[in-house]
Each structure stands twice: as structure tokens, then as C-alpha cells.
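A.B. asks: Contents of entry.csv (CSV, C-alpha atoms) are below:
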```
chain,number,residue,atom,x,y,z
A,1,MET,CA,176.7,28.7,85.6
A,2,LYS,CA,179.0,31.5,86.7
A,3,TYR,CA,178.9,33.0,83.2
A,4,ARG,CA,175.2,32.8,83.0
A,5,LYS,CA,174.8,34.4,86.5
A,6,SER,CA,177.1,37.2,85.4
A,7,ILE,CA,174.9,37.9,82.4
A,8,TYR,CA,171.9,38.0,84.7
A,9,LEU,CA,173.7,40.3,87.1
A,10,ALA,CA,174.9,42.6,84.3
A,11,THR,CA,171.4,42.7,82.7
A,12,ALA,CA,169.8,43.5,86.1
A,13,ALA,CA,172.4,46.3,86.7
A,14,MET,CA,171.5,47.8,83.3
A,15,VAL,CA,167.8,47.6,84.0
A,16,LEU,CA,168.3,49.3,87.4
A,17,SER,CA,170.5,51.9,85.8
A,18,THR,CA,167.9,52.6,83.1
A,19,LEU,CA,165.1,52.8,85.7
A,20,ALA,CA,167.2,55.1,87.8
A,21,ALA,CA,167.9,57.3,84.8
A,22,CYS,CA,164.2,57.3,83.9
A,23,SER,CA,163.3,58.1,87.5
A,24,SER,CA,165.9,60.9,87.6
A,25,GLY,CA,164.7,62.2,84.3
A,26,GLY,CA,161.1,62.1,85.5
A,27,GLU,CA,161.9,64.0,88.6
A,28,GLU,CA,163.8,66.6,86.6
A,29,SER,CA,160.8,66.8,84.2
A,30,VAL,CA,158.4,67.4,87.1
A,31,LYS,CA,160.7,70.0,88.6
A,32,GLN,CA,161.0,71.7,85.3
A,33,GLN,CA,157.2,71.7,84.9
A,34,GLN,CA,156.8,73.1,88.4
A,35,THR,CA,159.4,75.8,87.6
A,36,ASP,CA,157.7,76.7,84.4
A,37,ALA,CA,154.2,76.8,86.0
A,38,PRO,CA,152.6,80.3,85.7
A,39,ARG,CA,152.8,82.6,88.8
A,40,TYR,CA,149.2,83.8,89.1
A,41,GLU,CA,148.7,87.1,90.9
A,42,ILE,CA,146.6,86.8,94.1
A,43,HIS,CA,143.2,88.5,94.1
A,44,PHE,CA,140.4,88.4,96.6
A,45,THR,CA,136.6,88.7,96.7
A,46,SER,CA,134.4,88.1,99.7
A,47,ASN,CA,130.9,87.2,100.9
A,48,LEU,CA,130.6,90.6,102.7
A,49,THR,CA,129.7,92.4,99.5
A,50,GLN,CA,127.8,89.9,97.4
A,51,LEU,CA,124.8,89.1,99.5
A,52,ASP,CA,121.3,90.3,98.6
A,53,GLY,CA,120.7,93.7,100.3
A,54,ASP,CA,117.3,95.0,101.2
A,55,ALA,CA,117.1,98.5,99.7
A,56,THR,CA,114.7,99.6,102.4
A,57,ARG,CA,116.9,98.5,105.2
A,58,ALA,CA,117.5,101.3,107.6
A,59,ALA,CA,120.8,102.7,108.9
A,60,GLY,CA,122.5,100.3,111.3
A,61,ASN,CA,121.6,97.0,109.6
A,62,TYR,CA,124.2,96.5,106.9
A,63,THR,CA,125.1,93.7,104.6
A,64,THR,CA,127.9,95.4,102.7
A,65,TYR,CA,131.2,97.0,103.6
A,66,THR,CA,131.7,100.5,102.2
A,67,MET,CA,134.7,101.8,100.4
A,68,GLY,CA,137.8,102.4,102.5
A,69,GLN,CA,137.2,99.7,105.1
A,70,GLU,CA,140.5,97.9,105.8
A,71,PHE,CA,141.1,94.2,106.0
A,72,TRP,CA,144.3,92.3,106.8
A,73,VAL,CA,145.5,89.0,105.5
A,74,TRP,CA,148.3,86.6,106.3
A,75,SER,CA,149.3,83.5,104.4
A,76,ASP,CA,151.1,80.1,105.0
A,77,MET,CA,152.4,77.8,102.2
A,78,TYR,CA,152.1,74.0,102.3
A,79,ASP,CA,155.0,72.3,100.6
A,80,ASP,CA,153.8,69.0,99.3
A,81,THR,CA,157.3,67.8,98.7
A,82,GLU,CA,158.6,68.5,102.2
A,83,LYS,CA,155.2,68.0,103.9
A,84,GLU,CA,155.7,71.2,105.8
A,85,THR,CA,153.7,74.4,106.3
A,86,ASN,CA,155.6,77.7,106.6
A,87,PRO,CA,154.8,81.4,106.6
A,88,TYR,CA,154.4,82.7,103.0
A,89,PHE,CA,153.8,86.4,103.7
A,90,ASN,CA,153.1,88.6,106.7
A,91,ALA,CA,150.4,91.3,107.0
A,92,TRP,CA,149.0,92.4,103.7
A,93,GLN,CA,146.4,95.2,103.6
A,94,LEU,CA,143.2,94.8,101.6
A,95,THR,CA,140.9,97.8,101.1
A,96,VAL,CA,137.3,97.7,100.0
A,97,SER,CA,137.2,99.5,96.7
A,98,SER,CA,133.6,99.0,95.7
A,99,ILE,CA,130.5,97.2,96.8
A,100,VAL,CA,130.8,94.5,94.3
A,101,THR,CA,133.4,92.3,96.0
A,102,LYS,CA,136.4,94.3,95.0
A,103,PHE,CA,139.5,94.8,97.2
A,104,SER,CA,142.4,97.0,96.2
A,105,THR,CA,146.0,96.5,97.5
A,106,ASN,CA,149.1,98.7,98.0
A,107,THR,CA,151.3,96.0,96.6
A,108,SER,CA,150.9,92.9,94.5
A,109,LYS,CA,151.6,89.3,95.5
A,110,SER,CA,151.6,86.0,93.5
A,111,PHE,CA,150.9,82.4,94.2
A,112,PRO,CA,153.9,80.1,94.2
A,113,ALA,CA,154.4,78.0,91.1
A,114,TYR,CA,152.7,74.9,92.5
A,115,ASN,CA,152.3,74.8,96.3
A,116,TRP,CA,149.1,75.4,98.1
A,117,LEU,CA,148.4,78.5,100.2
A,118,HIS,CA,146.3,79.0,103.4
A,119,PHE,CA,144.9,82.5,103.9
A,120,TYR,CA,143.8,84.1,107.2
A,121,THR,CA,141.9,87.3,106.9
A,122,MET,CA,140.3,89.7,109.5
A,123,HIS,CA,138.7,93.0,110.0
A,124,GLY,CA,138.3,94.7,113.4
A,125,ASN,CA,138.6,97.8,115.5
A,126,PHE,CA,141.9,96.7,117.0
A,127,SER,CA,144.0,98.6,119.5
A,128,GLU,CA,147.0,97.3,117.7
A,129,THR,CA,148.3,98.6,114.4
A,130,PHE,CA,149.7,96.4,111.6
A,131,GLU,CA,152.6,97.2,109.3
A,132,GLU,CA,152.3,95.8,105.8
A,133,GLU,CA,155.0,93.5,104.4
A,134,ASP,CA,157.1,95.2,101.7
A,135,LEU,CA,160.1,93.1,100.9
A,136,ALA,CA,161.2,95.4,98.1
A,137,ASN,CA,161.9,98.0,100.8
A,138,ASN,CA,163.2,95.5,103.3
A,139,ASN,CA,160.1,95.7,105.5
A,140,PRO,CA,159.1,92.2,106.8
A,141,GLY,CA,155.7,93.5,108.0
A,142,THR,CA,153.7,92.4,111.1
A,143,GLU,CA,153.9,88.7,111.8
A,144,TRP,CA,150.9,86.6,112.7
A,145,PRO,CA,149.4,88.1,115.9
A,146,THR,CA,148.7,85.9,118.9
A,147,VAL,CA,146.3,88.3,120.7
A,148,LEU,CA,144.4,91.4,119.6
A,149,TYR,CA,142.1,93.8,121.5
A,150,HIS,CA,138.9,94.7,119.6
A,151,SER,CA,136.4,97.4,120.8
A,152,VAL,CA,132.9,98.2,119.6
A,153,LYS,CA,132.0,101.8,119.3
A,154,THR,CA,129.7,103.2,122.0
A,155,GLU,CA,127.9,105.3,119.4
A,156,GLN,CA,126.8,103.3,116.4
A,157,LEU,CA,124.6,105.8,114.6
A,158,GLN,CA,126.5,105.9,111.3
A,159,GLU,CA,127.3,103.2,108.9
A,160,ALA,CA,131.0,103.6,109.4
A,161,ASP,CA,130.6,103.2,113.2
A,162,TYR,CA,128.8,99.9,112.8
A,163,GLN,CA,131.3,98.5,110.3
A,164,GLU,CA,134.3,99.5,112.4
A,165,SER,CA,132.7,97.7,115.4
A,166,ASP,CA,132.3,94.5,113.4
A,167,LEU,CA,134.8,91.7,114.0
A,168,VAL,CA,135.0,89.2,111.1
A,169,TYR,CA,137.4,86.4,110.3
A,170,ALA,CA,137.9,84.1,107.3
A,171,ILE,CA,140.1,81.0,106.9
A,172,ASN,CA,140.7,79.7,103.4
A,173,ARG,CA,142.9,76.6,103.4
A,174,ASN,CA,144.5,74.6,100.6
A,175,MET,CA,144.1,77.2,97.9
A,176,VAL,CA,145.7,76.0,94.7
A,177,PRO,CA,147.4,78.5,92.4
A,178,SER,CA,144.7,80.0,90.2
A,179,SER,CA,143.9,83.1,88.2
A,180,ASP,CA,140.5,83.2,89.8
A,181,PRO,CA,140.1,85.4,92.9
A,182,VAL,CA,140.1,83.7,96.3
A,183,ASN,CA,136.6,84.0,97.8
A,184,LEU,CA,137.0,85.0,101.5
A,185,GLU,CA,134.1,83.4,103.5
A,186,PHE,CA,133.9,85.6,106.6
A,187,LYS,CA,132.2,84.7,109.8
A,188,HIS,CA,130.9,87.3,112.3
A,189,LEU,CA,132.5,86.7,115.7
A,190,LEU,CA,130.4,89.2,117.6
A,191,SER,CA,126.6,89.5,118.2
A,192,GLN,CA,124.1,91.9,116.6
A,193,VAL,CA,121.2,93.5,118.5
A,194,GLU,CA,118.4,94.9,116.4
A,195,VAL,CA,115.7,97.2,117.6
A,196,ALA,CA,112.6,98.3,115.7
A,197,LEU,CA,110.2,100.9,117.0
A,198,VAL,CA,106.7,99.8,115.9
A,199,ALA,CA,104.0,102.3,115.3
A,200,GLY,CA,101.1,101.3,117.4
A,201,LYS,CA,97.7,102.8,118.2
A,202,GLY,CA,97.3,106.4,117.2
A,203,LEU,CA,100.7,106.6,115.4
A,204,SER,CA,102.0,105.9,111.9
A,205,THR,CA,105.4,105.4,110.3
A,206,ASN,CA,104.8,108.6,108.4
A,207,GLU,CA,104.6,110.5,111.7
A,208,PHE,CA,107.8,108.8,112.8
A,209,SER,CA,109.5,109.7,109.6
A,210,SER,CA,108.9,113.4,110.3
A,211,TRP,CA,110.8,113.3,113.6
A,212,SER,CA,112.8,116.5,114.2
A,213,ALA,CA,116.3,116.2,115.7
A,214,ALA,CA,114.9,117.4,119.0
A,215,SER,CA,112.0,114.8,119.1
A,216,ARG,CA,113.8,111.8,117.6
A,217,PRO,CA,113.8,108.9,120.0
A,218,VAL,CA,117.1,107.7,121.6
A,219,VAL,CA,117.7,104.0,121.7
A,220,GLU,CA,120.5,102.7,124.0
A,221,LEU,CA,121.9,99.3,125.0
A,222,LEU,CA,122.7,99.6,128.7
A,223,GLY,CA,125.7,98.4,130.7
A,224,VAL,CA,127.2,96.1,128.0
A,225,LYS,CA,130.9,95.1,127.7
A,226,THR,CA,132.5,96.8,124.7
A,227,LYS,CA,136.0,95.3,124.5
A,228,VAL,CA,137.2,91.7,124.0
A,229,GLU,CA,140.4,89.9,123.5
A,230,PHE,CA,140.6,88.1,120.1
A,231,ARG,CA,143.1,85.3,119.8
A,232,PRO,CA,142.9,84.3,116.1
A,233,SER,CA,143.5,80.7,115.4
A,234,LYS,CA,144.7,79.3,112.1
A,235,THR,CA,143.0,76.0,112.9
A,236,ALA,CA,139.7,77.3,114.2
A,237,GLN,CA,136.4,75.7,113.3
A,238,MET,CA,133.8,78.4,113.0
A,239,ASP,CA,130.6,76.4,112.3
A,240,THR,CA,129.1,76.9,115.8
A,241,TYR,CA,129.0,79.9,118.2
A,242,GLN,CA,130.9,77.8,120.8
A,243,ASN,CA,133.8,77.3,118.4
A,244,ARG,CA,133.8,80.9,117.4
A,245,GLU,CA,133.8,82.0,121.0
A,246,LEU,CA,136.9,79.9,121.7
A,247,MET,CA,138.8,82.8,120.1
A,248,LEU,CA,137.2,85.4,122.4
A,249,SER,CA,137.9,86.1,126.0
A,250,ASN,CA,138.0,88.6,128.8
A,251,ALA,CA,135.2,90.9,127.7
A,252,SER,CA,135.5,94.2,129.6
A,253,GLN,CA,134.9,98.0,129.6
A,254,VAL,CA,131.2,98.3,130.5
A,255,ASP,CA,129.4,101.2,128.8
A,256,ASN,CA,126.2,102.1,127.0
A,257,ILE,CA,125.8,101.9,123.2
A,258,THR,CA,123.6,104.4,121.4
A,259,MET,CA,122.1,103.0,118.2
A,260,SER,CA,119.9,104.2,115.4
A,261,ALA,CA,116.2,104.8,116.2
A,262,VAL,CA,114.3,103.2,113.3
A,263,ALA,CA,110.5,102.8,112.9
A,264,THR,CA,108.5,100.2,111.1
A,265,ASP,CA,104.9,99.4,110.5
A,266,ASP,CA,105.5,95.7,110.1
A,267,VAL,CA,107.6,93.6,112.4
A,268,SER,CA,108.1,91.0,109.7
A,269,LYS,CA,110.2,93.6,107.8
A,270,ALA,CA,114.0,93.7,108.1
A,271,THR,CA,113.9,97.4,108.7
A,272,CYS,CA,115.4,98.2,112.1
A,273,GLY,CA,118.3,99.8,113.9
A,274,ALA,CA,121.3,97.6,114.8
A,275,ALA,CA,124.4,97.5,116.9
A,276,VAL,CA,127.3,95.1,117.1
A,277,VAL,CA,127.9,93.9,120.6
A,278,VAL,CA,130.5,91.7,122.3
A,279,PRO,CA,129.1,88.2,123.1
A,280,GLN,CA,128.1,88.2,126.8
A,281,THR,CA,125.1,87.4,129.1
A,282,VAL,CA,122.9,90.3,130.0
A,283,ASN,CA,120.4,90.8,132.7
A,284,GLY,CA,117.9,93.5,133.8
A,285,ASN,CA,117.2,96.7,131.9
A,286,PHE,CA,118.9,96.0,128.6
A,287,ILE,CA,117.4,98.5,126.2
A,288,ARG,CA,116.2,102.0,127.0
A,289,VAL,CA,114.1,104.1,124.6
A,290,THR,CA,113.7,107.8,125.4
A,291,TYR,CA,110.9,109.5,123.4
A,292,LEU,CA,109.2,112.9,124.0
A,293,GLY,CA,110.2,112.9,127.7
A,294,TYR,CA,109.2,109.3,128.2
A,295,GLU,CA,111.5,106.4,129.0
A,296,THR,CA,110.8,102.7,128.6
A,297,TYR,CA,113.1,99.8,129.3
A,298,VAL,CA,113.2,96.3,127.8
A,299,LYS,CA,114.2,93.9,130.5
A,300,VAL,CA,115.8,90.5,130.0
A,301,THR,CA,116.8,87.6,132.1
A,302,ASN,CA,120.0,85.8,131.4
A,303,LEU,CA,120.0,86.6,127.7
A,304,GLN,CA,123.1,85.1,126.2
A,305,LEU,CA,124.3,87.1,123.2
A,306,LYS,CA,126.1,84.5,121.1
A,307,SER,CA,128.8,84.8,118.5
A,308,GLY,CA,127.3,85.1,115.1
A,309,TYR,CA,123.7,85.5,116.3
A,310,ARG,CA,121.4,88.4,115.9
A,311,TYR,CA,118.6,89.4,118.3
A,312,ARG,CA,115.5,91.4,117.2
A,313,PHE,CA,113.5,93.5,119.7
A,314,ASN,CA,110.3,95.2,118.6
A,315,VAL,CA,109.1,98.0,120.8
A,316,THR,CA,105.5,99.1,120.1
A,317,ILE,CA,104.6,102.8,120.8
A,318,ASP,CA,100.9,103.6,121.3
A,319,ARG,CA,99.5,107.1,121.6
A,320,ILE,CA,96.6,107.3,124.0
A,321,GLY,CA,95.3,110.8,123.9
A,322,GLY,CA,98.2,113.1,124.4
A,323,THR,CA,100.4,110.5,126.0
A,324,HIS,CA,102.5,107.6,124.7
A,325,GLU,CA,102.7,104.0,125.9
A,326,PHE,CA,105.5,101.7,125.2
A,327,ASN,CA,105.0,97.9,124.9
A,328,PRO,CA,108.3,96.2,124.5
A,329,ILE,CA,108.2,92.8,122.9
A,330,THR,CA,111.0,90.3,123.7
A,331,VAL,CA,113.3,88.6,121.3
A,332,GLU,CA,111.7,87.1,118.2
A,333,SER,CA,113.3,84.4,116.1
A,334,TRP,CA,114.5,85.2,112.6
A,335,GLY,CA,112.9,83.0,109.9
A,336,ALA,CA,113.7,81.8,106.4
A,337,SER,CA,113.4,85.3,105.0
A,338,THR,CA,116.8,86.1,106.5
A,339,SER,CA,118.5,82.8,105.5
A,340,LYS,CA,121.0,84.8,103.4
A,341,SER,CA,122.0,87.0,106.3
A,342,LEU,CA,125.6,87.4,107.1
A,343,TRP,CA,124.8,86.6,110.7
A,344,LEU,CA,125.1,82.9,110.8
A,345,ASP,CA,122.5,81.5,113.1
A,346,THR,CA,119.0,82.4,114.2
A,347,VAL,CA,117.9,83.2,117.7
A,348,PRO,CA,115.7,80.6,119.5
A,349,GLN,CA,112.2,81.8,120.4
A,350,GLN,CA,112.4,83.4,123.8
```
Output the file's structure in the form of C-alpha cells.
C.D. replies:
Amino acid sequence: MKYRKSIYLATAAMVLSTLAACSSGGEESVKQQQTDAPRYEIHFTSNLTQLDGDATRAAGNYTTYTMGQEFWVWSDMYDDTEKETNPYFNAWQLTVSSIVTKFSTNTSKSFPAYNWLHFYTMHGNFSETFEEEDLANNNPGTEWPTVLYHSVKTEQLQEADYQESDLVYAINRNMVPSSDPVNLEFKHLLSQVEVALVAGKGLSTNEFSSWSAASRPVVELLGVKTKVEFRPSKTAQMDTYQNRELMLSNASQVDNITMSAVATDDVSKATCGAAVVVPQTVNGNFIRVTYLGYETYVKVTNLQLKSGYRYRFNVTIDRIGGTHEFNPITVESWGASTSKSLWLDTVPQQ
């Protein structure tokens, strides 16, 4: 019996030894495969430059970012073996190089051989400056920021003014190594106010289009907060305005914003002027239109400007004899025709 038991024990030991060897070999094989995996270079595209744009859309209502606009991205790596997430790289600058989803970079970076990456990308008019990571020159770059101060411009007459005022943020989690570009799905964190001057009785859009510099209407948003604290969260959920606004706080610096004066003959058209505004609640005289010596005001009551929403105001101008009358129309909801808009939600009928 002892002899037979010894045989059994010896056999079991050999089996375990063989299994251990196979297991060790398997691990080594996996590690070798991981080591030999290709190191794909990281490229980006985004939803900010691939949406359908309306060719007739007037200055101030933009769906694309023009060349030269800067974005910044940080990355974490999830190690499936260690079950840990750690910083992968610090601030990396992306620059819009065309209107067909292209970003250029000052340096190149690659995916790890096999671990997943999380990307956090933002664009804003920040008080703070970032320094790009450049390990080749011993520059660690700017680490992930805990708070940033973003301001909208008080004059948003040009495309660049509008884009610089925009605050957008994208989170791309669990991105596996790939040769395909990472598609950055940005969300707008601020609000957009749109104003269209509607040709009423006795006027036409052709007459509006012949405005001289001296007679061009001036459209202003009155007494709005133009600065906000942005606390970017790597775990943020941005599906609702409430979730987006959790990253925004302490809106301040009250001022007026001058925006483009744009006329239309049809309120169903997208043509309008637009300005990016910090989310806030506004009351009283909100919009002022000054035209040929006349002033009119659009008054609101507890209008909540929500993150990711856009608000359309149509101001009708009638000419009665030699005078002009303004008939402001309050906020109208945006319908299915704007379902591809970058601005996430529609405004409820007021």
C-alpha cells in the first residue's frame, strides 16, 4: 500500500509540475505576445468638425472649429493585470489643422502595447496656461488641473471670438490600442443665445443686407455673468444639463455681450447671430437692439440658461411710415431640423 501510495504521490507531483510548467509557459507566451504587440500612434478626430453645416448660416452660429484653435488632452492608463489606473501622459496640445476632423500635434505619442487608455480633452478660454509634456527634453508638462477659470468674450462679432468663448469637454474611456483615430465626442458646457432680426412690415432682408456700418443694428445681451469656474471631472456624466453643470460654479464678472446683428425673412431658418453665455438665470431686460436711433428690449422672467442648451429669440422690425417698430418674440423651441446640432438639448416652449 505504501508503495502504491508513493506511485500515486509521485505521479501527482509530476502532473502538478507539468501543469505549473505549462502555466508558466503560458504566462510567458502571453507576456511575449503583449510585448510584441504593435505600438500604434495616437491620432484624434472629433464631432466638432464633421457635423452638417448650413452654408447660409450667418456669422456667430458655428458648427466647426477653424484652423489654429487649441485643444488640450490628458490620458490615464488602465492596467488590466494590476487592476489599477495611473496617469499615462500630461497635457498634450492638439491644434485644429483643417475643417475635416484633423488635429495636428507638436509631438507624437503612442498607445501602450496592450493596456486601455482614458482620454480627457477640453477647449476653453482659460486664465491658466498649460505646458505640454515633452519627456525627451525632461519636461513633465502640466498635470491634470483641479480647477480652471473660463471667460466668454464680451464682444462676439467674429468667428474666433465665438469659438474662444466656447467651453467643450470630451471623455473617452477604455480605448483599446488601435490604428484608427480616437473620435472625441465633445459636449458643450455653456449656453448659446441666438438672435434673429426678422424683416417685418415695410422691410425686406435685401434692405437689411445693405446696412452701412453707421446704420447697422447693435445687438447686446445685458448684465450677464461672463466668467465661471470649471472643475473638470474624469468621472463626469454629461448626458443632462444638471450633470454638466456639476463641473461649473461661481459664475461672476457681470458685463454686456455684443453679438452679430443678423437678419432673416423666415424664423424657421437657422440664420441668426449667436453668443456663448455662461449658464445662469436672467431676469428683466435681457436683449437690447439699437437701430437707427431706436432701442428695444427683450424682457425675460427667470429664464434659466442651461448647460448645452441654445435659446432662439426672433425680434421683428416693422417700418410704419418713416418710423420703425420692434416686436420681440420670446424663446422658441428648436425642432427636429436642428437634431444634428452640437448643442445637446432643445429649449422648452416658453
A.B. asks: Report as an MDAnalysis selection string all protein, DNA and RNA residues lying within 6 Å of region 102-116 of chain A, evaluated on only C-alpha atoms, omitting residues in the same chain fewer than 3 positions from it.
C.D. replies: chainID A and resid 37 39:42 45 77:79 94:98 174:177
A.B. asks: Output the selection as a CSV table (one decimal), in the frame of the given file - C-alpha atoms for each residue.
C.D. replies:
```
chain,number,residue,atom,x,y,z
A,37,ALA,CA,154.2,76.8,86.0
A,39,ARG,CA,152.8,82.6,88.8
A,40,TYR,CA,149.2,83.8,89.1
A,41,GLU,CA,148.7,87.1,90.9
A,42,ILE,CA,146.6,86.8,94.1
A,45,THR,CA,136.6,88.7,96.7
A,77,MET,CA,152.4,77.8,102.2
A,78,TYR,CA,152.1,74.0,102.3
A,79,ASP,CA,155.0,72.3,100.6
A,94,LEU,CA,143.2,94.8,101.6
A,95,THR,CA,140.9,97.8,101.1
A,96,VAL,CA,137.3,97.7,100.0
A,97,SER,CA,137.2,99.5,96.7
A,98,SER,CA,133.6,99.0,95.7
A,174,ASN,CA,144.5,74.6,100.6
A,175,MET,CA,144.1,77.2,97.9
A,176,VAL,CA,145.7,76.0,94.7
A,177,PRO,CA,147.4,78.5,92.4
```
A.B. asks: Have a look at CA of Pro181 (chain A) and CA of Trp74 (chain A) and let me know their distance in Å, one decimal.
C.D. replies: 15.8 Å
A.B. asks: Neighbours of Gln237 (chain A) within 12 Å (only C-alpha atoms; same-chain residues fewer than 4 positions away dropped), as a short mmCIF file (atom, residue, chain, number, x, y, z; two decimals) with C-alpha atoms, keeping the file's coordinate frame?
C.D. replies:
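That gives us result.cif:
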```cif
data_model
loop_
_atom_site.label_atom_id
_atom_site.label_comp_id
_atom_site.auth_asym_id
_atom_site.auth_seq_id
_atom_site.Cartn_x
_atom_site.Cartn_y
_atom_site.Cartn_z
CA TYR A 169 137.40 86.40 110.30
CA ALA A 170 137.90 84.10 107.30
CA ILE A 171 140.10 81.00 106.90
CA ASN A 172 140.70 79.70 103.40
CA ARG A 173 142.90 76.60 103.40
CA LYS A 187 132.20 84.70 109.80
CA LEU A 189 132.50 86.70 115.70
CA PRO A 232 142.90 84.30 116.10
CA SER A 233 143.50 80.70 115.40
CA TYR A 241 129.00 79.90 118.20
CA GLN A 242 130.90 77.80 120.80
CA ASN A 243 133.80 77.30 118.40
CA ARG A 244 133.80 80.90 117.40
CA GLU A 245 133.80 82.00 121.00
CA LEU A 246 136.90 79.90 121.70
CA MET A 247 138.80 82.80 120.10
#
```
A.B. asks: Which is closer to Gly141 (chain A) than all the others in A:Gln158, A:Gln304, A:Asn314, A:Asn90, using all atoms listed in the file?
C.D. replies: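 Nearest candidate to Gly141 (chain A) out of A:Gln158, A:Gln304, A:Asn314, A:Asn90: A:Asn90.
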A.B. asks: Residues within 8 Å of (132.4, 98.1, 105.3), file coordinates, counting all atoms listed in the file: what are they? Give the list as a PDB file with C-alpha atoms, keeping the file's coordinate frame.
C.D. replies:
```
ATOM      1  CA  THR A  64     127.900  95.400 102.700  1.00  0.00           C
ATOM      2  CA  TYR A  65     131.200  97.000 103.600  1.00  0.00           C
ATOM      3  CA  THR A  66     131.700 100.500 102.200  1.00  0.00           C
ATOM      4  CA  MET A  67     134.700 101.800 100.400  1.00  0.00           C
ATOM      5  CA  GLY A  68     137.800 102.400 102.500  1.00  0.00           C
ATOM      6  CA  GLN A  69     137.200  99.700 105.100  1.00  0.00           C
ATOM      7  CA  VAL A  96     137.300  97.700 100.000  1.00  0.00           C
ATOM      8  CA  ALA A 160     131.000 103.600 109.400  1.00  0.00           C
ATOM      9  CA  GLN A 163     131.300  98.500 110.300  1.00  0.00           C
ATOM     10  CA  GLU A 164     134.300  99.500 112.400  1.00  0.00           C
TER      11      GLU A 164
END
```
A.B. asks: Using all atoms listed in the file, determine which residues lie at most 6 Å from Ile287 (chain A), disregarding the query and same-chain residues fewer than 3 positions distant; provide the list as a PyMOL selection string.
C.D. replies: chain A and resi 220-222+297-298
A.B. asks: Write a file of the just-selected residues containing C-alpha atoms, as a JSON list (two decimals), keeping the file's coordinate frame.
C.D. replies:
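What landed in out-v1.json:
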```
[["chain", "number", "residue", "atom", "x", "y", "z"],
["A", 220, "GLU", "CA", 120.50, 102.70, 124.00],
["A", 221, "LEU", "CA", 121.90, 99.30, 125.00],
["A", 222, "LEU", "CA", 122.70, 99.60, 128.70],
["A", 297, "TYR", "CA", 113.10, 99.80, 129.30],
["A", 298, "VAL", "CA", 113.20, 96.30, 127.80]]
```
A.B. asks: Using only C-alpha atoms, determine which residues lie at most 12 Å from Thr205 (chain A), disregarding the query and same-chain residues fewer than 4 positions distant; provide the list as a PyMOL selection string.
C.D. replies: chain A and resi 196-201+209-211+262-266+271+316-317
A.B. asks: Given the choices A:Val254, A:Ala270, A:Ala275, A:Met238, which gets closest to Phe186 (chain A) if the distance is worked out from only C-alpha atoms?
C.D. replies: A:Met238
A.B. asks: Give me, please, the distance in Å between CA of Val228 (chain A) and CA of Leu148 (chain A), quoted to one decimal.
C.D. replies: 8.4 Å
